[in-house]
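Trainee: Sharing a structure below in structure tokens format, with a few things to ask.
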Amino acid sequence: MGQMIDVPRPDGATLPAYLAEAPGATASTPAIVLVQEWWGLNGHIREVADRLAATGHTVLSPDLYRGRQTTDADEAGRLMNGLDFMDATHQDIAGCVAWLGQGGRKVGVMGFCMGGALTVAAAVHVPGLSAAVCFYGIPPKEVADPSRIRIPFQGHFAMADTWCTPAAAASLQQAMQGAGQSPEVFHYPAQHAFFNHSRPEVHDADCAAQAWSRMSAFWAKHLSA
């Protein structure tokens, strides 16, 4: 189990974040910033953080909504639409990356849904990152242009996704490839949020397990090497 801590932002303010540390973690333990879905920093995201920590990572998940959570999609939409994506990227996520990177260790960023979109934004805008993993989320191009990503990138997308559509995923991949990058992009015969086992109506255990395996290999290659 992790704990809530306060993390400094570049502007001098602080943000609450969930910290989960690997057993025997040191200043050189590879680290990951885990960005929440539109539901908030809920039990599922904490569980993912704990699971990542158990595999040998120090994980920090910023509470972008400052304590607010919901299980209602309409309310989640309002919370997401009320979030300043640029502030979340340049202050909250950047603050977490800087805090984790103090010991010189490698830091990655990952997220789901809204967090996936912010992962793309962080991969474009936030210095100090070594790699990024996005699950079914892409920001508007005015927030972040994927062609500007210059770090190793892995994406996981659902073929039955009506929000982060296959066409949107293909556009991201083409933009990166057109800029000379080689992203790892995977498509799954599943629905949006297939990784989230707390939502049985969309969860796909086989696809989730395959995505976790691919993600784990990616982190081992780019954070632990």
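Each chain of the structure tokens is named A, B, ... in the order shown, its residues numbered from 1; ligands are numbered from 1 in display order.
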List as CSV every residue of region 69-174 of chain A that is in contact with region 183-190 of chain A, defined as an atom at most 7 Å from one of its atoms (using only C-alpha atoms), together with the nearest atom pair and the distance in Å rounded to one decimal, sorted by chain and then rising number.
Mentor:
```
residue,atom,partner,partner_atom,distance
A:Pro152,CA,A:Pro183,CA,6.6
A:Phe153,CA,A:Pro183,CA,5.1
A:Gln154,CA,A:Glu184,CA,4.6
A:Gly155,CA,A:Val185,CA,4.6
A:His156,CA,A:Phe186,CA,5.0
A:Phe157,CA,A:His187,CA,4.9
A:Ala158,CA,A:Tyr188,CA,4.9
A:Met159,CA,A:Pro189,CA,5.4
A:Ala160,CA,A:Ala190,CA,5.7
A:Gln173,CA,A:Pro183,CA,6.8
```
Trainee: Could you save the residues just selected, with all heavy atoms, as a short mmCIF file (atom, residue, chain, number, x, y, z; two decimals), in the first residue's frame?
Mentor:
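Produced file part38.cif, reproduced below:
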```cif
data_model
loop_
_atom_site.label_atom_id
_atom_site.label_comp_id
_atom_site.auth_asym_id
_atom_site.auth_seq_id
_atom_site.Cartn_x
_atom_site.Cartn_y
_atom_site.Cartn_z
N PRO A 152 10.89 7.25 -26.49
CA PRO A 152 10.23 5.98 -26.80
C PRO A 152 8.77 6.01 -26.34
O PRO A 152 8.47 6.44 -25.23
CB PRO A 152 11.05 4.95 -26.03
CG PRO A 152 12.42 5.56 -25.93
CD PRO A 152 12.17 7.02 -25.76
N PHE A 153 7.88 5.54 -27.21
CA PHE A 153 6.45 5.66 -26.96
C PHE A 153 5.75 4.35 -27.30
O PHE A 153 6.01 3.75 -28.35
CB PHE A 153 5.88 6.79 -27.82
CG PHE A 153 4.41 7.04 -27.64
CD1 PHE A 153 3.96 7.94 -26.69
CD2 PHE A 153 3.47 6.37 -28.41
CE1 PHE A 153 2.59 8.17 -26.51
CE2 PHE A 153 2.11 6.59 -28.24
CZ PHE A 153 1.67 7.49 -27.29
N GLN A 154 4.86 3.94 -26.42
CA GLN A 154 4.03 2.75 -26.66
C GLN A 154 2.58 3.13 -26.46
O GLN A 154 2.22 3.78 -25.47
CB GLN A 154 4.42 1.63 -25.69
CG GLN A 154 3.71 0.31 -25.97
CD GLN A 154 4.12 -0.77 -24.98
OE1 GLN A 154 3.68 -0.79 -23.84
NE2 GLN A 154 5.00 -1.68 -25.42
N GLY A 155 1.72 2.70 -27.38
CA GLY A 155 0.30 3.00 -27.29
C GLY A 155 -0.56 1.75 -27.35
O GLY A 155 -0.25 0.81 -28.09
N HIS A 156 -1.64 1.74 -26.56
CA HIS A 156 -2.58 0.62 -26.51
C HIS A 156 -3.97 1.16 -26.79
O HIS A 156 -4.47 2.03 -26.06
CB HIS A 156 -2.54 -0.06 -25.14
CG HIS A 156 -1.18 -0.57 -24.75
ND1 HIS A 156 -0.74 -1.83 -25.09
CD2 HIS A 156 -0.15 0.03 -24.10
CE1 HIS A 156 0.48 -1.99 -24.63
NE2 HIS A 156 0.87 -0.88 -24.03
N PHE A 157 -4.59 0.66 -27.85
CA PHE A 157 -5.88 1.20 -28.29
C PHE A 157 -6.88 0.08 -28.55
O PHE A 157 -6.50 -1.04 -28.91
CB PHE A 157 -5.69 2.05 -29.54
CG PHE A 157 -4.76 3.22 -29.34
CD1 PHE A 157 -3.43 3.13 -29.71
CD2 PHE A 157 -5.22 4.38 -28.75
CE1 PHE A 157 -2.56 4.20 -29.51
CE2 PHE A 157 -4.37 5.46 -28.54
CZ PHE A 157 -3.04 5.37 -28.92
N ALA A 158 -8.17 0.41 -28.39
CA ALA A 158 -9.23 -0.57 -28.56
C ALA A 158 -9.91 -0.38 -29.91
O ALA A 158 -10.25 0.74 -30.29
CB ALA A 158 -10.25 -0.43 -27.44
N MET A 159 -10.12 -1.47 -30.60
CA MET A 159 -10.71 -1.40 -31.94
C MET A 159 -12.19 -1.05 -31.93
O MET A 159 -12.73 -0.62 -32.94
CB MET A 159 -10.45 -2.71 -32.68
CG MET A 159 -9.00 -2.90 -33.09
SD MET A 159 -8.70 -4.37 -34.11
CE MET A 159 -8.64 -5.64 -32.87
N ALA A 160 -12.86 -1.24 -30.78
CA ALA A 160 -14.28 -0.89 -30.69
C ALA A 160 -14.47 0.41 -29.91
O ALA A 160 -15.57 0.69 -29.41
CB ALA A 160 -15.06 -2.02 -30.02
N GLN A 173 -0.12 7.49 -34.76
CA GLN A 173 1.00 6.67 -35.23
C GLN A 173 1.61 7.25 -36.50
O GLN A 173 2.84 7.34 -36.62
CB GLN A 173 0.52 5.24 -35.47
CG GLN A 173 1.64 4.28 -35.86
CD GLN A 173 1.15 2.84 -35.94
OE1 GLN A 173 -0.05 2.57 -35.78
NE2 GLN A 173 2.06 1.92 -36.17
#
```
Trainee: Which of region 40-187 of chain A counts as alpha helix (DSSP H) under DSSP, as a PyMOL selection string please?
Mentor: chain A and resi 43-54+73-81+85-87+94-100+114-125+166-178
Trainee: Point out the residue among A:Ala117, A:Leu15, A:Ala31, A:Val109 with the least atom-to-atom distance to Tyr65 (chain A), counting only C-alpha atoms.
Mentor: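 Checking each of A:Ala117, A:Leu15, A:Ala31, A:Val109 against Tyr65 (chain A), counting only C-alpha atoms, the winner is A:Leu15.
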Trainee: Out of A:His57, A:Asp72, A:Ser224, A:Ser198, which residue has the shortest atom-to-atom distance to Gly43 (chain A) when counting only C-alpha atoms?
Mentor: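 Going through A:His57, A:Asp72, A:Ser224, A:Ser198 one by one, the smallest distance to Gly43 (chain A) is for A:Ser198.
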Trainee: Within 10 Å of Thr14 (chain A), counting only C-alpha atoms, which residues qualify if same-chain residues fewer than 6 places away don't, as a PyMOL selection string?
Mentor: chain A and resi 5-8+91-92+95
Trainee: Could you write those residues out with all heavy atoms, as a tab-separated table (two decimals), in the first residue's frame?
Mentor:
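Saved the output as again.tsv:
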```tsv
chain	number	residue	atom	x	y	z
A	5	ILE	N	1.25	11.99	-0.53
A	5	ILE	CA	2.28	12.95	-0.18
A	5	ILE	C	2.01	14.26	-0.92
A	5	ILE	O	1.18	14.30	-1.83
A	5	ILE	CB	3.70	12.44	-0.53
A	5	ILE	CG1	3.85	12.30	-2.06
A	5	ILE	CG2	4.01	11.12	0.18
A	5	ILE	CD1	5.29	12.05	-2.51
A	6	ASP	N	2.68	15.31	-0.51
A	6	ASP	CA	2.61	16.59	-1.23
A	6	ASP	C	3.86	16.73	-2.09
A	6	ASP	O	4.98	16.51	-1.62
A	6	ASP	CB	2.53	17.76	-0.24
A	6	ASP	CG	1.18	17.82	0.46
A	6	ASP	OD1	0.17	17.48	-0.18
A	6	ASP	OD2	1.15	18.20	1.65
A	7	VAL	N	3.66	17.10	-3.35
A	7	VAL	CA	4.75	17.22	-4.32
A	7	VAL	C	4.83	18.67	-4.80
A	7	VAL	O	3.80	19.26	-5.13
A	7	VAL	CB	4.50	16.27	-5.51
A	7	VAL	CG1	5.60	16.43	-6.57
A	7	VAL	CG2	4.43	14.83	-5.05
A	8	PRO	N	6.02	19.24	-4.84
A	8	PRO	CA	6.13	20.62	-5.33
A	8	PRO	C	5.91	20.72	-6.83
A	8	PRO	O	6.34	19.86	-7.59
A	8	PRO	CB	7.56	21.02	-4.94
A	8	PRO	CG	8.30	19.73	-4.85
A	8	PRO	CD	7.31	18.72	-4.36
A	91	GLN	N	2.54	21.68	-14.87
A	91	GLN	CA	2.74	21.89	-13.43
A	91	GLN	C	2.61	20.58	-12.64
A	91	GLN	O	3.57	20.15	-12.00
A	91	GLN	CB	1.75	22.94	-12.91
A	91	GLN	CG	1.95	24.33	-13.50
A	91	GLN	CD	3.29	24.94	-13.10
A	91	GLN	OE1	3.82	24.67	-12.01
A	91	GLN	NE2	3.84	25.79	-13.96
A	92	ASP	N	1.46	19.92	-12.71
A	92	ASP	CA	1.25	18.72	-11.90
A	92	ASP	C	2.15	17.56	-12.36
A	92	ASP	O	2.91	17.00	-11.57
A	92	ASP	CB	-0.21	18.29	-11.95
A	92	ASP	CG	-1.12	19.24	-11.18
A	92	ASP	OD1	-0.60	20.09	-10.44
A	92	ASP	OD2	-2.35	19.11	-11.31
A	95	GLY	N	5.83	18.48	-12.20
A	95	GLY	CA	6.30	18.45	-10.82
A	95	GLY	C	6.60	17.04	-10.35
A	95	GLY	O	7.61	16.79	-9.67
```
Trainee: List the neighbours of Val59 (chain A) out to 6 Å using only C-alpha atoms; skip same-chain residues closer than 4 positions along the sequence, and give me the result as a list of chain:residue names.
Mentor: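 The residues satisfying every condition are A:Leu19, A:Ala20, A:Ala31, A:Ile32, A:Val33, A:Ala49.
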Trainee: Could you write those residues out with N, CA and C atoms, as a PDB file, in the first residue's frame?
Mentor:
```pdb
ATOM      1  N   LEU A  19       1.903   7.928  -3.676  1.00  0.00           N
ATOM      2  CA  LEU A  19       3.240   7.352  -3.859  1.00  0.00           C
ATOM      3  C   LEU A  19       3.217   5.884  -3.478  1.00  0.00           C
ATOM      4  N   ALA A  20       3.632   5.033  -4.416  1.00  0.00           N
ATOM      5  CA  ALA A  20       3.784   3.597  -4.165  1.00  0.00           C
ATOM      6  C   ALA A  20       5.220   3.219  -4.506  1.00  0.00           C
ATOM      7  N   ALA A  31      11.323   4.876 -12.146  1.00  0.00           N
ATOM      8  CA  ALA A  31      10.102   5.501 -11.646  1.00  0.00           C
ATOM      9  C   ALA A  31       9.100   5.746 -12.767  1.00  0.00           C
ATOM     10  N   ILE A  32       7.825   5.789 -12.378  1.00  0.00           N
ATOM     11  CA  ILE A  32       6.737   6.015 -13.323  1.00  0.00           C
ATOM     12  C   ILE A  32       5.747   7.016 -12.731  1.00  0.00           C
ATOM     13  N   VAL A  33       5.350   8.001 -13.531  1.00  0.00           N
ATOM     14  CA  VAL A  33       4.225   8.861 -13.189  1.00  0.00           C
ATOM     15  C   VAL A  33       2.986   8.234 -13.816  1.00  0.00           C
ATOM     16  N   ALA A  49      -1.025   1.499  -9.400  1.00  0.00           N
ATOM     17  CA  ALA A  49       0.231   2.020  -8.868  1.00  0.00           C
ATOM     18  C   ALA A  49       0.912   0.983  -7.979  1.00  0.00           C
TER      19      ALA A  49
END
```
Trainee: Extract, using only C-alpha atoms, all DNA, RNA and protein residues at most 7 Å from region 105-108 of chain A, discarding same-chain residues fewer than 3 positions from it, and format them as a ChimeraX atom specification.
Mentor: /A:27-33,97,100-101,129-132,223
Trainee: Would you mind telling me which residue in A:Thr26, A:Gln181, A:Ser147, A:Asn196 lies nearest to Phe135 (chain A) when using only C-alpha atoms?
Mentor: A:Asn196
Trainee: Record the distance separating CA of Ala167 (chain A) and CA of Arg78 (chain A), expressed in Å with one decimal.
Mentor: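 So the two atoms, CA of Ala167 (chain A) and CA of Arg78 (chain A), lie 25.3 Å apart.
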Trainee: For Pro140 (chain A), which residue out of A:Ile93, A:Met86, A:Ala98, A:Met1 is the nearest one, using only C-alpha atoms?
Mentor: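 When distances to Pro140 (chain A) are compared using only C-alpha atoms, the smallest one comes from A:Met86.
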Trainee: Closest to Arg51 (chain A) among A:Ser216, A:Gln36, A:Gln210, A:Thr89, using only C-alpha atoms?
Mentor: A:Ser216
